[in-house]
$ cat protein-v7.cif   # mmCIF, C-alpha atoms
data_final
#
loop_
_atom_site.label_atom_id
_atom_site.label_comp_id
_atom_site.auth_asym_id
_atom_site.auth_seq_id
_atom_site.Cartn_x
_atom_site.Cartn_y
_atom_site.Cartn_z
CA MET R 1335 15.18 -13.00 -3.84
CA ILE R 1336 17.66 -10.23 -3.11
CA SER R 1337 18.40 -11.23 0.50
CA THR R 1338 16.90 -13.70 2.91
CA PRO R 1339 13.53 -12.23 3.98
CA SER R 1340 14.58 -11.52 7.57
CA LYS R 1341 17.73 -9.69 6.41
CA LEU R 1342 16.25 -7.30 3.87
CA THR R 1343 17.93 -3.89 3.79
CA LEU R 1344 17.26 -0.48 2.30
CA GLY R 1345 19.87 -1.35 -0.33
CA ASP R 1346 17.75 -4.34 -1.34
CA VAL R 1347 14.77 -2.04 -1.77
CA ARG R 1348 16.78 0.36 -3.94
CA ARG R 1349 17.91 -2.50 -6.16
CA ALA R 1350 14.42 -4.00 -6.38
CA MET R 1351 12.94 -0.68 -7.47
CA ARG R 1352 15.31 -0.54 -10.44
CA ALA R 1353 13.66 -3.64 -11.95
CA ALA R 1354 10.73 -3.66 -14.36
CA LEU R 1355 7.40 -3.53 -12.55
CA PRO R 1356 5.47 -6.82 -12.68
CA GLY R 1357 2.13 -4.98 -12.62
CA TRP R 1358 -0.95 -7.17 -12.99
CA GLN R 1359 1.15 -10.34 -12.74
CA ALA R 1360 1.71 -9.44 -9.07
CA GLN R 1361 -1.52 -7.56 -8.32
CA ARG R 1362 -3.74 -10.44 -9.41
CA LEU R 1363 -2.29 -12.65 -6.65
CA MET R 1364 -4.16 -10.59 -4.05
CA CYS R 1365 -7.03 -9.40 -6.23
CA PRO R 1366 -10.60 -9.86 -4.92
CA PRO R 1367 -12.61 -11.94 -7.42
CA GLN R 1368 -15.01 -9.15 -8.40
CA ARG R 1369 -12.08 -6.94 -9.47
CA ASP R 1370 -10.59 -9.46 -11.87
CA VAL R 1371 -12.03 -7.65 -14.89
CA VAL R 1372 -10.71 -5.36 -17.58
CA ILE R 1373 -11.25 -1.70 -16.65
CA SER R 1374 -12.09 0.44 -19.64
CA GLN R 1375 -10.05 3.53 -20.46
CA GLU R 1376 -13.25 5.57 -20.22
CA ILE R 1377 -13.63 4.58 -16.56
CA LEU R 1378 -9.98 5.31 -15.83
CA ASP R 1379 -10.27 8.73 -17.47
CA ARG R 1380 -13.13 9.60 -15.09
CA ALA R 1381 -11.38 8.24 -11.99
CA ARG R 1382 -10.17 10.46 -9.17
CA PRO R 1383 -6.34 10.59 -9.16
CA SER R 1384 -4.77 9.72 -5.82
CA SER R 1385 -1.50 8.50 -4.38
CA VAL R 1386 -0.29 6.45 -1.42
CA LEU R 1387 3.11 6.21 0.23
CA VAL R 1388 4.79 2.82 0.65
CA LEU R 1389 7.39 3.82 3.23
CA LEU R 1390 10.07 1.35 4.30
CA TYR R 1391 12.51 1.91 7.17
CA PRO R 1392 14.79 -0.03 9.54
CA LYS R 1393 13.80 -0.67 13.13
CA ASN R 1394 15.60 -3.01 15.55
CA ASP R 1395 17.65 -4.42 12.64
CA THR R 1396 14.47 -5.31 10.73
CA LEU R 1397 12.95 -3.61 7.70
CA TYR R 1398 9.41 -2.34 8.27
CA LEU R 1399 6.65 -0.57 6.38
CA VAL R 1400 3.78 1.43 7.85
CA LEU R 1401 0.05 0.90 7.36
CA THR R 1402 -2.87 2.59 9.07
CA LEU R 1403 -6.23 1.55 10.41
CA ARG R 1404 -8.50 4.24 9.01
CA ALA R 1405 -10.76 6.08 11.46
CA ALA R 1406 -14.36 4.90 11.64
CA THR R 1407 -15.58 8.47 11.06
CA LEU R 1408 -14.12 8.84 7.56
CA ASN R 1409 -16.47 8.99 4.58
CA LEU R 1410 -14.51 6.55 2.41
CA HIS R 1411 -12.93 3.19 3.33
CA LYS R 1412 -13.55 3.77 7.04
CA GLY R 1413 -12.22 1.13 9.38
CA GLN R 1414 -10.05 -0.42 6.66
CA ILE R 1415 -6.32 -1.07 6.55
CA SER R 1416 -4.56 1.26 4.16
CA LEU R 1417 -1.33 2.91 3.15
CA PRO R 1418 -1.09 6.61 4.04
CA GLY R 1419 -2.36 8.69 1.15
CA GLY R 1420 -5.31 10.33 -0.51
CA GLY R 1421 -6.61 12.37 -3.39
CA CYS R 1422 -4.45 14.69 -5.45
CA ASP R 1423 -4.71 18.44 -4.86
CA PRO R 1424 -4.33 20.99 -7.68
CA ASP R 1425 -1.19 22.37 -6.01
CA ASP R 1426 0.55 18.97 -5.88
CA ILE R 1427 3.52 18.79 -8.23
CA ASP R 1428 3.21 15.06 -8.94
CA PHE R 1429 2.04 11.81 -7.36
CA ALA R 1430 5.06 11.67 -5.06
CA ASP R 1431 4.17 15.14 -3.81
CA THR R 1432 0.62 13.96 -3.09
CA ALA R 1433 1.82 10.87 -1.23
CA LEU R 1434 4.28 12.84 0.90
CA ARG R 1435 1.75 15.58 1.70
CA GLU R 1436 -0.87 13.03 2.74
CA ALA R 1437 1.63 11.02 4.80
CA ASN R 1438 2.58 14.20 6.63
CA GLU R 1439 -1.06 15.08 7.27
CA GLU R 1440 -1.98 11.59 8.47
CA LEU R 1441 1.16 10.44 10.28
CA GLY R 1442 3.41 13.46 10.67
CA ILE R 1443 6.03 11.98 8.33
CA VAL R 1444 8.61 14.65 7.48
CA ARG R 1445 9.23 14.67 3.73
CA GLU R 1446 12.81 15.91 4.11
CA GLN R 1447 13.61 12.68 5.97
CA VAL R 1448 12.27 10.49 3.16
CA GLU R 1449 13.92 9.37 -0.09
CA VAL R 1450 11.49 8.66 -2.91
CA LEU R 1451 12.56 5.67 -5.04
CA GLY R 1452 9.79 5.51 -7.61
CA PRO R 1453 6.28 4.33 -8.44
CA LEU R 1454 4.53 1.01 -8.41
CA THR R 1455 1.78 0.16 -10.89
CA GLU R 1456 -1.41 2.21 -10.62
CA ILE R 1457 -4.55 0.50 -9.41
CA TYR R 1458 -8.23 1.41 -9.78
CA VAL R 1459 -10.59 1.16 -6.77
CA PRO R 1460 -14.24 0.91 -7.93
CA PRO R 1461 -16.06 1.71 -4.63
CA SER R 1462 -14.39 5.13 -4.30
CA ASN R 1463 -13.53 5.68 -7.98
CA PHE R 1464 -9.90 6.33 -7.04
CA LEU R 1465 -7.03 5.64 -9.41
CA ILE R 1466 -4.21 5.05 -6.93
CA HIS R 1467 -0.59 5.74 -7.84
CA PRO R 1468 1.62 4.04 -5.21
CA VAL R 1469 4.97 5.66 -4.48
CA VAL R 1470 7.79 3.74 -2.80
CA ALA R 1471 10.08 5.62 -0.43
CA ILE R 1472 12.61 4.82 2.27
CA SER R 1473 13.81 6.44 5.47
CA GLU R 1474 17.21 5.80 7.00
CA ALA R 1475 15.62 5.70 10.46
CA ALA R 1476 12.21 4.85 11.87
CA PRO R 1477 9.96 7.93 11.65
CA GLN R 1478 8.48 9.55 14.73
CA PHE R 1479 4.81 9.06 13.91
CA LEU R 1480 2.28 11.70 14.95
CA PRO R 1481 -1.05 10.22 13.86
CA ASN R 1482 -3.98 12.48 13.05
CA ALA R 1483 -6.81 11.07 15.17
CA HIS R 1484 -9.42 12.34 12.70
CA GLU R 1485 -8.00 10.04 10.00
CA VAL R 1486 -5.99 7.32 11.73
CA ALA R 1487 -7.35 4.98 14.39
CA SER R 1488 -4.12 3.01 14.73
CA ILE R 1489 -0.62 2.74 13.26
CA ILE R 1490 0.37 -0.72 12.02
CA GLU R 1491 4.07 -1.40 11.57
CA VAL R 1492 4.69 -4.52 9.51
CA PRO R 1493 8.00 -6.37 9.01
CA VAL R 1494 8.54 -6.39 5.25
CA SER R 1495 9.65 -10.02 5.49
CA ASP R 1496 6.06 -10.92 6.43
CA LEU R 1497 4.98 -10.02 2.88
CA LEU R 1498 7.26 -12.76 1.56
CA ASP R 1499 6.06 -15.46 3.96
CA PRO R 1500 3.53 -17.78 2.25
CA ALA R 1501 2.25 -18.89 5.66
CA LEU R 1502 0.92 -15.37 6.26
CA ARG R 1503 -1.22 -15.36 3.10
CA SER R 1504 -4.70 -16.80 3.20
CA THR R 1505 -8.28 -16.13 2.13
CA GLN R 1506 -10.97 -14.54 4.28
CA LEU R 1507 -14.67 -13.79 3.93
CA ARG R 1508 -15.03 -10.02 3.62
CA PRO R 1509 -17.94 -7.70 2.73
CA ALA R 1510 -17.65 -6.29 -0.79
CA THR R 1511 -18.79 -2.65 -0.97
CA SER R 1512 -19.23 -2.88 -4.73
CA LEU R 1513 -21.61 -5.84 -4.21
CA GLY R 1514 -23.76 -4.18 -1.57
CA GLY R 1515 -21.92 -5.74 1.34
CA GLN R 1516 -22.13 -9.30 0.03
CA MET R 1517 -19.56 -11.56 1.69
CA ILE R 1518 -16.90 -12.83 -0.70
CA LEU R 1519 -13.73 -14.86 -0.28
CA VAL R 1520 -10.69 -12.62 -0.83
CA PRO R 1521 -6.91 -13.10 -0.63
CA THR R 1522 -5.30 -11.51 2.44
CA PHE R 1523 -1.98 -10.79 4.10
CA PHE R 1524 -1.86 -11.30 7.87
CA ALA R 1525 0.09 -8.28 9.08
CA ASN R 1526 0.80 -7.58 12.76
CA GLY R 1527 -2.57 -8.90 13.88
CA TYR R 1528 -4.61 -7.48 11.00
CA TYR R 1529 -5.87 -8.94 7.74
CA VAL R 1530 -4.95 -6.76 4.78
CA TRP R 1531 -6.91 -7.16 1.57
CA GLY R 1532 -8.21 -5.25 -1.45
CA ALA R 1533 -6.18 -2.50 -3.12
CA THR R 1534 -3.66 -2.30 -0.27
CA ALA R 1535 -2.90 -6.02 -0.51
CA MET R 1536 -2.59 -5.77 -4.31
CA ILE R 1537 -0.08 -2.93 -3.98
CA LEU R 1538 1.93 -4.85 -1.39
CA ALA R 1539 1.88 -7.94 -3.62
CA GLU R 1540 3.75 -6.03 -6.30
CA LEU R 1541 6.31 -4.79 -3.79
CA ALA R 1542 6.72 -8.34 -2.49
CA MET R 1543 7.30 -9.71 -5.99
CA LEU R 1544 9.97 -7.07 -6.65
CA LEU R 1545 11.74 -7.92 -3.41
CA ASP R 1546 11.47 -11.61 -4.24
CA GLY R 1547 13.31 -11.05 -7.48
CA GLY R 1548 10.24 -11.08 -9.74
CA ASP R 1549 9.05 -14.55 -8.69
#
$ encode --input "protein-v7.cif" --output "structure tokens"
Amino acid sequence: MISTPSKLTLGDVRRAMRAALPGWQAQRLMCPPQRDVVISQEILDRARPSSVLVLLYPKNDTLYLVLTLRAATLNLHKGQISLPGGGCDPDDIDFADTALREANEELGIVREQVEVLGPLTEIYVPPSNFLIHPVVAISEAAPQFLPNAHEVASIIEVPVSDLLDPALRSTQLRPATSLGGQMILVPTFFANGYYVWGATAMILAELAMLLDGGD
């Protein structure tokens, strides 16, 4: 681990992001059982490219990241916990550009106040056919969030140290969209009163492993 969990800093995040990505080794720790399969290249080639922003920032001497509760009126992944982001537009320069544009549209995050550090490992989401490219960024100060009510029902600020606390990881019965709503037991993070699972949890598992020194 780079620092004790409660004392993580932006410098720790910078150092962690210079390490080799653990990829599936980390993602599998929070992977729902029905996703633990090999995805063919043919499926990945047909997937919809998208990107999400993993934004970390200090607040009250603690390092936080921001998640959202998606609005119940959205067509895809409504009512779920997610990172700000969405599908790539033809005018986007790269995946970081997509993540920053979407974060601005959803939460009012100003891209000029954000420093992009680099990508995490891509992840495929079968129900929506998205191939998500997570992008890690930091802000020297807590952003002034301006949530778009059409997309965001609630902002969820999570201490990053919570991702490293084994006591906040568990399993929960959740409906699997890809299985017609069948209830399955999935790994979860407990984050500021919400259970986080699926692709978002898998992305955060890789960030957690990097911050924990690859363990």
$ resolve_selection --input "protein-v7.cif" --expression "the PyMOL selection byres ((chain R and resi 1539-1541) around 9)" --output "count of residues only"
29
$ resolve_selection --input "protein-v7.cif" --expression "the PyMOL selection byres ((chain R and resi 1396) around 12)" --output "list in words"
Thr1338, Pro1339, Ser1340, Lys1341, Leu1342, Thr1343, Leu1344, Leu1390, Tyr1391, Pro1392, Lys1393, Asn1394, Asp1395, Leu1397, Tyr1398, Leu1399, Ala1475, Ala1476, Glu1491, Val1492, Pro1493, Val1494, Ser1495 and Asp1496 of chain R
$ closest_residue --input "protein-v7.cif" --among "R:Leu1401, R:Leu1389, R:Thr1505, R:Gln1368" --to "R:Ile1472" --atoms "all atoms listed in the file"
R:Leu1389
$ closest_residue --input "protein-v7.cif" --among "R:Ser1473, R:Gln1375, R:Gln1506, R:Ser1384" --to "R:Val1459" --atoms "only C-alpha atoms"
R:Ser1384
$ residues_near_point --input "protein-v7.cif" --point "(6.2, 9.8, 0.3)" --cutoff "12 Å" --atoms "only C-alpha atoms" --output "PyMOL selection string"
chain R and resi 1385-1390+1400+1417-1420+1428-1453+1467-1473
$ atom_distance --input "protein-v7.cif" --atom1 "atom CA of R:Ile1490" --atom2 "atom CA of R:Cys1365"
21.5 Å
$ atom_distance --input "protein-v7.cif" --atom1 "atom CA of R:Val1372" --atom2 "atom CA of R:Leu1403"
29.2 Å
$ residues_near_point --input "protein-v7.cif" --point "(-10.2, -14.3, 3.1)" --cutoff "6 Å" --atoms "only C-alpha atoms" --output "list in words"
Thr1505, Gln1506, Leu1507, Leu1519, Val1520, Pro1521 and Thr1522 of chain R
$ atom_distance --input "protein-v7.cif" --atom1 "atom CA of R:Leu1502" --atom2 "atom CA of R:Arg1404"
21.9 Å
$ closest_residue --input "protein-v7.cif" --among "R:Gly1527, R:Gly1421, R:Pro1500, R:Pro1481" --to "R:Thr1402" --atoms "only C-alpha atoms"
R:Pro1481
$ closest_residue --input "protein-v7.cif" --among "R:Ile1466, R:Ala1405, R:Gly1345, R:Ala1353" --to "R:Ala1487" --atoms "all atoms listed in the file"
R:Ala1405
